[in-house]
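What's in my_file_26.cif: mmCIF, C-alpha atoms
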data_structure
#
loop_
_atom_site.group_PDB
_atom_site.id
_atom_site.type_symbol
_atom_site.label_atom_id
_atom_site.label_comp_id
_atom_site.auth_asym_id
_atom_site.auth_seq_id
_atom_site.Cartn_x
_atom_site.Cartn_y
_atom_site.Cartn_z
ATOM 1 C CA MET U 1 1.019 -1.927 27.136
ATOM 2 C CA ASP U 2 -0.626 -4.805 28.888
ATOM 3 C CA ALA U 3 -1.838 -3.149 32.057
ATOM 4 C CA LYS U 4 -3.655 0.032 32.933
ATOM 5 C CA VAL U 5 -1.717 2.798 34.679
ATOM 6 C CA ASN U 6 -2.951 4.527 37.795
ATOM 7 C CA LEU U 7 -1.155 7.859 37.671
ATOM 8 C CA ALA U 8 -1.242 8.479 41.427
ATOM 9 C CA ASP U 9 0.143 5.020 42.150
ATOM 10 C CA ALA U 10 2.911 5.488 39.579
ATOM 11 C CA LEU U 11 3.816 8.893 41.001
ATOM 12 C CA ALA U 12 3.985 7.486 44.532
ATOM 13 C CA THR U 13 6.935 5.276 43.614
ATOM 14 C CA PHE U 14 9.574 8.038 43.384
ATOM 15 C CA ASP U 15 10.381 11.517 44.645
ATOM 16 C CA GLU U 16 13.051 13.196 42.511
ATOM 17 C CA PRO U 17 11.737 16.225 40.611
ATOM 18 C CA PHE U 18 12.235 16.577 36.847
ATOM 19 C CA GLN U 19 13.098 12.890 36.437
ATOM 20 C CA PRO U 20 10.272 11.525 34.263
ATOM 21 C CA ARG U 21 9.358 7.850 34.360
ATOM 22 C CA ILE U 22 7.931 6.151 31.281
ATOM 23 C CA VAL U 23 4.712 4.342 32.179
ATOM 24 C CA GLY U 24 3.558 3.360 28.717
ATOM 25 C CA THR U 25 3.689 4.021 25.014
ATOM 26 C CA MET U 26 1.261 5.020 22.293
ATOM 27 C CA ASN U 27 2.602 4.363 18.803
ATOM 28 C CA ASP U 28 6.030 6.060 18.816
ATOM 29 C CA TYR U 29 5.203 8.291 21.760
ATOM 30 C CA LYS U 30 6.211 7.802 25.395
ATOM 31 C CA LEU U 31 3.754 8.423 28.242
ATOM 32 C CA MET U 32 5.568 9.688 31.318
ATOM 33 C CA VAL U 33 4.787 10.726 34.846
ATOM 34 C CA ALA U 34 6.992 13.266 36.588
ATOM 35 C CA LYS U 35 7.220 15.369 39.689
ATOM 36 C CA THR U 36 8.208 18.996 39.437
ATOM 37 C CA LYS U 37 9.539 21.265 42.171
ATOM 38 C CA GLY U 38 11.228 24.595 41.638
ATOM 39 C CA GLU U 39 12.280 25.852 38.246
ATOM 40 C CA PHE U 40 13.421 23.693 35.319
ATOM 41 C CA VAL U 41 15.438 25.259 32.481
ATOM 42 C CA TRP U 42 14.468 27.387 29.484
ATOM 43 C CA HIS U 43 14.456 25.181 26.429
ATOM 44 C CA THR U 44 12.824 24.460 23.088
ATOM 45 C CA HIS U 45 11.859 21.301 21.253
ATOM 46 C CA PRO U 46 12.373 22.286 17.615
ATOM 47 C CA ASP U 47 10.742 19.156 16.196
ATOM 48 C CA THR U 48 7.801 18.373 18.454
ATOM 49 C CA ASP U 49 4.940 19.776 20.461
ATOM 50 C CA ASP U 50 5.105 19.056 24.193
ATOM 51 C CA PHE U 51 2.071 17.786 26.150
ATOM 52 C CA PHE U 52 1.606 18.630 29.845
ATOM 53 C CA PHE U 53 -1.284 17.480 32.065
ATOM 54 C CA VAL U 54 -1.398 18.238 35.784
ATOM 55 C CA VAL U 55 -2.506 15.460 38.140
ATOM 56 C CA LYS U 56 -1.819 17.265 41.415
ATOM 57 C CA GLY U 57 -0.492 20.657 42.510
ATOM 58 C CA THR U 58 0.184 23.664 40.314
ATOM 59 C CA LEU U 59 2.557 23.886 37.361
ATOM 60 C CA THR U 60 3.409 27.142 35.653
ATOM 61 C CA ILE U 61 4.593 26.833 32.080
ATOM 62 C CA GLN U 62 6.591 29.997 31.641
ATOM 63 C CA LEU U 63 6.611 31.219 28.028
ATOM 64 C CA ARG U 64 8.617 34.279 27.010
ATOM 65 C CA GLU U 65 5.527 36.442 26.648
ATOM 66 C CA ARG U 66 3.205 34.952 29.295
ATOM 67 C CA ASP U 67 2.700 32.278 31.917
ATOM 68 C CA VAL U 68 0.269 29.359 31.591
ATOM 69 C CA VAL U 69 -0.775 28.217 35.064
ATOM 70 C CA LEU U 70 -2.105 24.652 35.235
ATOM 71 C CA GLY U 71 -3.977 23.044 38.102
ATOM 72 C CA PRO U 72 -5.263 19.480 38.484
ATOM 73 C CA GLY U 73 -7.249 18.315 35.460
ATOM 74 C CA GLU U 74 -5.751 20.935 33.145
ATOM 75 C CA LEU U 75 -3.566 20.384 30.081
ATOM 76 C CA PHE U 76 -1.487 22.515 27.783
ATOM 77 C CA VAL U 77 0.522 21.740 24.666
ATOM 78 C CA VAL U 78 3.638 23.836 24.084
ATOM 79 C CA PRO U 79 3.961 24.192 20.315
ATOM 80 C CA ARG U 80 7.185 23.021 18.706
ATOM 81 C CA GLY U 81 9.863 25.664 18.647
ATOM 82 C CA VAL U 82 8.356 27.706 21.470
ATOM 83 C CA GLU U 83 10.764 28.424 24.308
ATOM 84 C CA HIS U 84 9.396 27.425 27.691
ATOM 85 C CA CYS U 85 10.447 26.827 31.273
ATOM 86 C CA PRO U 86 8.254 24.811 33.666
ATOM 87 C CA ARG U 87 8.180 26.086 37.234
ATOM 88 C CA SER U 88 6.429 24.751 40.295
ATOM 89 C CA ASP U 89 7.144 26.518 43.548
ATOM 90 C CA ASP U 90 5.052 24.184 45.697
ATOM 91 C CA GLY U 91 5.494 21.025 43.636
ATOM 92 C CA ALA U 92 3.304 19.290 41.099
ATOM 93 C CA GLU U 93 2.676 15.831 39.682
ATOM 94 C CA ILE U 94 2.183 15.601 35.957
ATOM 95 C CA LEU U 95 1.614 13.424 32.885
ATOM 96 C CA LEU U 96 3.886 14.178 29.940
ATOM 97 C CA ILE U 97 3.600 12.901 26.368
ATOM 98 C CA GLU U 98 6.398 13.261 23.830
ATOM 99 C CA PRO U 99 7.791 11.278 20.908
ATOM 100 C CA GLN U 100 10.234 8.599 22.006
ATOM 101 C CA GLY U 101 13.746 9.953 21.889
ATOM 102 C CA THR U 102 12.736 13.476 22.901
ATOM 103 C CA VAL U 103 15.224 14.882 25.424
ATOM 104 C CA ASN U 104 13.600 16.543 28.435
ATOM 105 C CA THR U 105 15.854 19.589 28.248
ATOM 106 C CA GLY U 106 15.393 20.005 24.493
ATOM 107 C CA ASP U 107 18.032 22.281 23.005
ATOM 108 C CA ALA U 108 19.220 23.661 26.354
ATOM 109 C CA ASP U 109 22.927 23.471 27.005
ATOM 110 C CA THR U 110 22.732 21.644 30.313
ATOM 111 C CA GLY U 111 23.918 18.282 31.411
ATOM 112 C CA GLU U 112 22.694 18.406 34.965
ATOM 113 C CA LEU U 113 18.962 18.449 34.295
ATOM 114 C CA THR U 114 19.005 16.142 31.307
ATOM 115 C CA ALA U 115 17.307 12.908 32.357
ATOM 116 C CA PRO U 116 17.697 9.495 30.763
ATOM 117 C CA GLU U 117 14.701 7.765 29.199
ATOM 118 C CA ARG U 118 13.759 5.514 32.055
ATOM 119 C CA ARG U 119 10.856 3.144 32.544
ATOM 120 C CA LEU U 120 9.089 3.112 35.876
ATOM 121 C CA MET R 1 -3.031 25.507 20.923
ATOM 122 C CA ASP R 2 -3.032 28.909 22.512
ATOM 123 C CA ALA R 3 -4.938 28.227 25.698
ATOM 124 C CA LYS R 4 -4.883 25.618 28.383
ATOM 125 C CA VAL R 5 -7.766 23.150 28.562
ATOM 126 C CA ASN R 6 -9.622 22.395 31.758
ATOM 127 C CA LEU R 7 -11.046 18.936 31.104
ATOM 128 C CA ALA R 8 -13.985 19.263 33.507
ATOM 129 C CA ASP R 9 -14.986 22.611 31.997
ATOM 130 C CA ALA R 10 -14.738 21.196 28.473
ATOM 131 C CA LEU R 11 -16.804 18.161 29.423
ATOM 132 C CA ALA R 12 -19.485 20.354 30.994
ATOM 133 C CA THR R 13 -20.344 21.890 27.625
ATOM 134 C CA PHE R 14 -22.119 18.878 26.120
ATOM 135 C CA ASP R 15 -24.001 15.735 27.073
ATOM 136 C CA GLU R 16 -24.197 13.286 24.154
ATOM 137 C CA PRO R 17 -22.274 10.065 24.819
ATOM 138 C CA PHE R 18 -19.704 8.751 22.328
ATOM 139 C CA GLN R 19 -19.473 12.090 20.519
ATOM 140 C CA PRO R 20 -15.888 13.206 21.123
ATOM 141 C CA ARG R 21 -14.955 16.896 20.986
ATOM 142 C CA ILE R 22 -11.475 17.935 19.899
ATOM 143 C CA VAL R 23 -9.964 20.280 22.476
ATOM 144 C CA GLY R 24 -6.436 20.509 21.135
ATOM 145 C CA THR R 25 -3.731 18.957 19.037
ATOM 146 C CA MET R 26 -0.237 17.618 19.620
ATOM 147 C CA ASN R 27 1.725 17.239 16.389
ATOM 148 C CA ASP R 28 -0.588 15.194 14.143
ATOM 149 C CA TYR R 29 -2.661 13.868 17.041
ATOM 150 C CA LYS R 30 -6.031 15.094 18.237
ATOM 151 C CA LEU R 31 -6.809 15.497 21.940
ATOM 152 C CA MET R 32 -10.470 14.821 22.620
ATOM 153 C CA VAL R 33 -12.857 14.777 25.522
ATOM 154 C CA ALA R 34 -15.861 12.481 25.439
ATOM 155 C CA LYS R 35 -18.662 11.191 27.589
ATOM 156 C CA THR R 36 -19.524 7.535 27.548
ATOM 157 C CA LYS R 37 -22.741 5.855 28.633
ATOM 158 C CA GLY R 38 -23.752 2.324 27.844
ATOM 159 C CA GLU R 39 -21.933 0.155 25.350
ATOM 160 C CA PHE R 40 -20.116 1.391 22.233
ATOM 161 C CA VAL R 41 -19.327 -1.053 19.422
ATOM 162 C CA TRP R 42 -16.674 -3.717 18.943
ATOM 163 C CA HIS R 43 -14.016 -2.340 16.632
ATOM 164 C CA THR R 44 -10.331 -2.261 15.801
ATOM 165 C CA HIS R 45 -7.923 0.436 14.721
ATOM 166 C CA PRO R 46 -5.542 -1.461 12.460
ATOM 167 C CA ASP R 47 -3.052 1.398 12.145
ATOM 168 C CA THR R 48 -2.896 3.046 15.545
ATOM 169 C CA ASP R 49 -2.852 2.543 19.278
ATOM 170 C CA ASP R 50 -5.768 4.107 21.134
ATOM 171 C CA PHE R 51 -5.259 6.185 24.319
ATOM 172 C CA PHE R 52 -7.948 6.328 27.029
ATOM 173 C CA PHE R 53 -7.751 8.325 30.288
ATOM 174 C CA VAL R 54 -10.663 8.522 32.711
ATOM 175 C CA VAL R 55 -11.480 11.897 34.271
ATOM 176 C CA LYS R 56 -14.677 10.874 36.058
ATOM 177 C CA GLY R 57 -16.735 7.713 36.501
ATOM 178 C CA THR R 58 -15.815 4.214 35.439
ATOM 179 C CA LEU R 59 -15.014 2.995 31.925
ATOM 180 C CA THR R 60 -14.594 -0.654 31.070
ATOM 181 C CA ILE R 61 -12.509 -1.378 27.997
ATOM 182 C CA GLN R 62 -13.772 -4.769 26.963
ATOM 183 C CA LEU R 63 -11.161 -6.839 25.155
ATOM 184 C CA ARG R 64 -11.978 -10.239 23.731
ATOM 185 C CA GLU R 65 -10.042 -12.054 26.459
ATOM 186 C CA ARG R 66 -10.486 -9.712 29.430
ATOM 187 C CA ASP R 67 -11.882 -6.431 30.711
ATOM 188 C CA VAL R 68 -9.766 -3.419 31.699
ATOM 189 C CA VAL R 69 -11.677 -1.343 34.251
ATOM 190 C CA LEU R 70 -10.563 2.289 34.506
ATOM 191 C CA GLY R 71 -11.451 4.763 37.242
ATOM 192 C CA PRO R 72 -10.522 8.439 37.583
ATOM 193 C CA GLY R 73 -6.806 9.067 37.092
ATOM 194 C CA GLU R 74 -6.253 5.805 35.229
ATOM 195 C CA LEU R 75 -5.151 5.330 31.628
ATOM 196 C CA PHE R 76 -4.904 2.463 29.180
ATOM 197 C CA VAL R 77 -3.642 2.201 25.629
ATOM 198 C CA VAL R 78 -5.363 -0.330 23.378
ATOM 199 C CA PRO R 79 -2.674 -1.641 21.034
ATOM 200 C CA ARG R 80 -3.284 -1.290 17.320
ATOM 201 C CA GLY R 81 -5.188 -4.176 15.839
ATOM 202 C CA VAL R 82 -6.702 -5.267 19.151
ATOM 203 C CA GLU R 83 -10.476 -5.557 19.092
ATOM 204 C CA HIS R 84 -12.139 -3.591 21.866
ATOM 205 C CA CYS R 85 -15.506 -2.272 22.977
ATOM 206 C CA PRO R 86 -15.770 0.515 25.577
ATOM 207 C CA ARG R 87 -18.645 0.176 28.018
ATOM 208 C CA SER R 88 -19.785 2.408 30.837
ATOM 209 C CA ASP R 89 -22.969 1.426 32.587
ATOM 210 C CA ASP R 90 -23.070 4.435 34.908
ATOM 211 C CA GLY R 91 -21.354 6.911 32.589
ATOM 212 C CA ALA R 92 -17.816 8.239 32.393
ATOM 213 C CA GLU R 93 -15.928 11.303 31.223
ATOM 214 C CA ILE R 94 -12.689 10.677 29.385
ATOM 215 C CA LEU R 95 -9.699 12.090 27.529
ATOM 216 C CA LEU R 96 -8.899 10.368 24.218
ATOM 217 C CA ILE R 97 -5.789 10.757 22.077
ATOM 218 C CA GLU R 98 -5.598 9.447 18.509
ATOM 219 C CA PRO R 99 -3.956 10.474 15.259
ATOM 220 C CA GLN R 100 -5.988 13.019 13.334
ATOM 221 C CA GLY R 101 -8.220 11.266 10.848
ATOM 222 C CA THR R 102 -8.804 8.252 13.086
ATOM 223 C CA VAL R 103 -12.462 7.223 12.955
ATOM 224 C CA ASN R 104 -13.995 6.561 16.375
ATOM 225 C CA THR R 105 -15.621 3.326 15.251
ATOM 226 C CA GLY R 106 -12.477 2.039 13.538
ATOM 227 C CA ASP R 107 -13.232 -0.802 11.187
ATOM 228 C CA ALA R 108 -16.720 -1.475 12.539
ATOM 229 C CA ASP R 109 -19.507 -1.579 10.000
ATOM 230 C CA THR R 110 -21.736 0.988 11.623
ATOM 231 C CA GLY R 111 -22.938 4.376 10.530
ATOM 232 C CA GLU R 112 -24.937 5.232 13.573
ATOM 233 C CA LEU R 113 -22.113 5.500 16.076
ATOM 234 C CA THR R 114 -19.527 6.982 13.739
ATOM 235 C CA ALA R 115 -18.915 10.549 14.898
ATOM 236 C CA PRO R 116 -17.516 13.409 12.825
ATOM 237 C CA GLU R 117 -14.226 15.035 13.828
ATOM 238 C CA ARG R 118 -15.596 18.038 15.670
ATOM 239 C CA ARG R 119 -13.894 20.768 17.638
ATOM 240 C CA LEU R 120 -15.400 21.817 20.926
#
Transcribe the structure of this file into structure tokens.
Amino acid sequence: MDAKVNLADALATFDEPFQPRIVGTMNDYKLMVAKTKGEFVWHTHPDTDDFFFVVKGTLTIQLRERDVVLGPGELFVVPRGVEHCPRSDDGAEILLIEPQGTVNTGDADTGELTAPERRL
Amino acid sequence: MDAKVNLADALATFDEPFQPRIVGTMNDYKLMVAKTKGEFVWHTHPDTDDFFFVVKGTLTIQLRERDVVLGPGELFVVPRGVEHCPRSDDGAEILLIEPQGTVNTGDADTGELTAPERRL
């Protein structure tokens, strides 16, 4: 990474929800920005924790037994193996951190929402 | 990690600069909040990249050949092995991510600024 990343500027370059853009790396992890709108899909990452940080708006991380509601400046890490489904009725802008190679839909049997690893 | 973390709330619980507090983990990484004020120390992490995100204020990551100036909502990753010295004349509040066990002063020969790994 040669340059700093302004998250708001990076998020202003695209509109599609649930299509993360890689903005940098840290060791073997990818740093991504994404927009969310509506409900994603229930899924699990068996081999990694999953880092969410909200830049703008409200993101609800639905877990099977409770909801974690995140506003701007708030972060949550979904532990590996824990089923979750992000939802954002009014839209949110977020920073995601996951190991490179992690698929956004985890173990879910869906082709439609599965996004490629794409740099901004 | 069972609970979400509000970075501003976490940062409001202490004042000492350059004394990071661990607020969560992601796999074998520690998520830390810290305040910065003044100049830290020139150091290198030979084995890991170093993630900085500014919540409030301005943080300058001095590199030997240039400065990277970060404001709120901006992040930068210092590549492993690259000498750097954070500086913040007017103070800043930041999120740091490093592998657990990483020493804040890296390879620098200083006892005074070396902080213990401490949970909030």
### Query
Taking all atoms listed in the file into account, what are the residues of chain U at most 8 Å from chain R, put as a PyMOL selection string?
chain U and resi 1+3-8+24-27+48-51+55+68+70+73-79
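Shortest separation to U:Ala34 among U:Leu59, U:Pro46, U:Ala92, U:Val82 occurs at residue U:Ala92, atoms counted being only C-alpha atoms.
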### Query
What does the distance between atom CA of U:Gly91 and atom CA of U:Lys56 come to in Å, to one decimal place?
8.5 Å
### Query
Could you pull the residues within 8 Å of R:His43, counting only C-alpha atoms, minus those fewer than 6 positions along the same chain, as a PyMOL selection string?
chain R and resi 83-85+105-108
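Atom to atom, atom CA of R:Ile61 and atom CA of R:Pro17 stand 15.4 Å apart.
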### Task
Would you work out the distance separating atom CA of R:Phe40 from atom CA of U:Lys30, expressed in Å to one decimal?
27.3 Å
### Given only C-alpha atoms as the counted atoms, nearest of U:Ile22, U:Asp90, U:Arg66, U:Glu117 to U:Thr36
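Selected residue with least distance to U:Thr36: U:Asp90.
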### Task
Using all atoms listed in the file, pick whichever of U:Ser88, U:Thr60, U:Met32, U:Trp42 has the shortest atom-to-atom distance to U:Gln19.
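Selected residue with least distance to U:Gln19: U:Met32.
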### Target residues per the PyMOL selection byres ((chain R and resi 39) around 7), formatted as a PyMOL selection string
chain R and resi 37-38+40-41+86-88
For stretch 21-49 of chain U, supply N, CA and C atoms and format the output as a PDB file, keeping the file's coordinate frame.
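Done, and the output landed in selection_37.pdb:
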ATOM      1  N   ARG U  21       9.387   9.307  34.492  1.00  0.00           N
ATOM      2  CA  ARG U  21       9.358   7.850  34.360  1.00  0.00           C
ATOM      3  C   ARG U  21       8.385   7.476  33.251  1.00  0.00           C
ATOM      4  N   ILE U  22       8.809   6.613  32.350  1.00  0.00           N
ATOM      5  CA  ILE U  22       7.931   6.151  31.281  1.00  0.00           C
ATOM      6  C   ILE U  22       6.995   5.085  31.837  1.00  0.00           C
ATOM      7  N   VAL U  23       5.700   5.297  31.665  1.00  0.00           N
ATOM      8  CA  VAL U  23       4.712   4.342  32.179  1.00  0.00           C
ATOM      9  C   VAL U  23       3.981   3.609  31.058  1.00  0.00           C
ATOM     10  N   GLY U  24       4.215   4.031  29.829  1.00  0.00           N
ATOM     11  CA  GLY U  24       3.558   3.360  28.717  1.00  0.00           C
ATOM     12  C   GLY U  24       3.941   4.013  27.404  1.00  0.00           C
ATOM     13  N   THR U  25       3.430   3.444  26.325  1.00  0.00           N
ATOM     14  CA  THR U  25       3.689   4.021  25.014  1.00  0.00           C
ATOM     15  C   THR U  25       2.395   4.058  24.215  1.00  0.00           C
ATOM     16  N   MET U  26       2.366   4.946  23.250  1.00  0.00           N
ATOM     17  CA  MET U  26       1.261   5.020  22.293  1.00  0.00           C
ATOM     18  C   MET U  26       1.907   5.269  20.946  1.00  0.00           C
ATOM     19  N   ASN U  27       1.864   4.287  20.063  1.00  0.00           N
ATOM     20  CA  ASN U  27       2.602   4.363  18.803  1.00  0.00           C
ATOM     21  C   ASN U  27       4.063   4.697  19.129  1.00  0.00           C
ATOM     22  N   ASP U  28       4.627   5.737  18.535  1.00  0.00           N
ATOM     23  CA  ASP U  28       6.030   6.060  18.816  1.00  0.00           C
ATOM     24  C   ASP U  28       6.172   7.165  19.857  1.00  0.00           C
ATOM     25  N   TYR U  29       5.169   7.302  20.688  1.00  0.00           N
ATOM     26  CA  TYR U  29       5.203   8.291  21.760  1.00  0.00           C
ATOM     27  C   TYR U  29       5.423   7.591  23.098  1.00  0.00           C
ATOM     28  N   LYS U  30       6.049   8.300  24.033  1.00  0.00           N
ATOM     29  CA  LYS U  30       6.211   7.802  25.395  1.00  0.00           C
ATOM     30  C   LYS U  30       5.267   8.576  26.315  1.00  0.00           C
ATOM     31  N   LEU U  31       4.614   7.839  27.207  1.00  0.00           N
ATOM     32  CA  LEU U  31       3.754   8.423  28.242  1.00  0.00           C
ATOM     33  C   LEU U  31       4.564   8.415  29.523  1.00  0.00           C
ATOM     34  N   MET U  32       4.707   9.582  30.140  1.00  0.00           N
ATOM     35  CA  MET U  32       5.568   9.688  31.318  1.00  0.00           C
ATOM     36  C   MET U  32       4.845  10.371  32.468  1.00  0.00           C
ATOM     37  N   VAL U  33       5.186   9.951  33.672  1.00  0.00           N
ATOM     38  CA  VAL U  33       4.787  10.726  34.846  1.00  0.00           C
ATOM     39  C   VAL U  33       6.042  11.390  35.397  1.00  0.00           C
ATOM     40  N   ALA U  34       5.853  12.553  36.009  1.00  0.00           N
ATOM     41  CA  ALA U  34       6.992  13.266  36.588  1.00  0.00           C
ATOM     42  C   ALA U  34       6.521  14.112  37.742  1.00  0.00           C
ATOM     43  N   LYS U  35       7.447  14.365  38.656  1.00  0.00           N
ATOM     44  CA  LYS U  35       7.220  15.369  39.689  1.00  0.00           C
ATOM     45  C   LYS U  35       8.020  16.608  39.325  1.00  0.00           C
ATOM     46  N   THR U  36       7.487  17.750  39.681  1.00  0.00           N
ATOM     47  CA  THR U  36       8.208  18.996  39.437  1.00  0.00           C
ATOM     48  C   THR U  36       8.283  19.751  40.751  1.00  0.00           C
ATOM     49  N   LYS U  37       9.374  20.462  40.945  1.00  0.00           N
ATOM     50  CA  LYS U  37       9.539  21.265  42.171  1.00  0.00           C
ATOM     51  C   LYS U  37      10.628  22.279  41.872  1.00  0.00           C
ATOM     52  N   GLY U  38      10.283  23.557  41.993  1.00  0.00           N
ATOM     53  CA  GLY U  38      11.228  24.595  41.638  1.00  0.00           C
ATOM     54  C   GLY U  38      11.177  24.884  40.148  1.00  0.00           C
ATOM     55  N   GLU U  39      12.253  25.441  39.649  1.00  0.00           N
ATOM     56  CA  GLU U  39      12.280  25.852  38.246  1.00  0.00           C
ATOM     57  C   GLU U  39      13.124  24.886  37.431  1.00  0.00           C
ATOM     58  N   PHE U  40      12.660  24.556  36.221  1.00  0.00           N
ATOM     59  CA  PHE U  40      13.421  23.693  35.319  1.00  0.00           C
ATOM     60  C   PHE U  40      14.428  24.563  34.559  1.00  0.00           C
ATOM     61  N   VAL U  41      14.477  24.475  33.263  1.00  0.00           N
ATOM     62  CA  VAL U  41      15.438  25.259  32.481  1.00  0.00           C
ATOM     63  C   VAL U  41      14.714  25.723  31.209  1.00  0.00           C
ATOM     64  N   TRP U  42      15.042  26.913  30.749  1.00  0.00           N
ATOM     65  CA  TRP U  42      14.468  27.387  29.484  1.00  0.00           C
ATOM     66  C   TRP U  42      14.972  26.519  28.347  1.00  0.00           C
ATOM     67  N   HIS U  43      14.049  26.011  27.550  1.00  0.00           N
ATOM     68  CA  HIS U  43      14.456  25.181  26.429  1.00  0.00           C
ATOM     69  C   HIS U  43      13.359  25.148  25.359  1.00  0.00           C
ATOM     70  N   THR U  44      13.715  24.566  24.243  1.00  0.00           N
ATOM     71  CA  THR U  44      12.824  24.460  23.088  1.00  0.00           C
ATOM     72  C   THR U  44      12.939  23.054  22.522  1.00  0.00           C
ATOM     73  N   HIS U  45      11.814  22.528  22.055  1.00  0.00           N
ATOM     74  CA  HIS U  45      11.859  21.301  21.253  1.00  0.00           C
ATOM     75  C   HIS U  45      11.566  21.703  19.811  1.00  0.00           C
ATOM     76  N   PRO U  46      12.589  21.767  18.971  1.00  0.00           N
ATOM     77  CA  PRO U  46      12.373  22.286  17.615  1.00  0.00           C
ATOM     78  C   PRO U  46      11.471  21.394  16.763  1.00  0.00           C
ATOM     79  N   ASP U  47      11.398  20.099  17.102  1.00  0.00           N
ATOM     80  CA  ASP U  47      10.742  19.156  16.196  1.00  0.00           C
ATOM     81  C   ASP U  47       9.449  18.568  16.737  1.00  0.00           C
ATOM     82  N   THR U  48       9.029  18.976  17.925  1.00  0.00           N
ATOM     83  CA  THR U  48       7.801  18.373  18.454  1.00  0.00           C
ATOM     84  C   THR U  48       7.079  19.296  19.414  1.00  0.00           C
ATOM     85  N   ASP U  49       5.750  19.177  19.417  1.00  0.00           N
ATOM     86  CA  ASP U  49       4.940  19.776  20.461  1.00  0.00           C
ATOM     87  C   ASP U  49       5.204  19.011  21.762  1.00  0.00           C
TER      88      ASP U  49
END
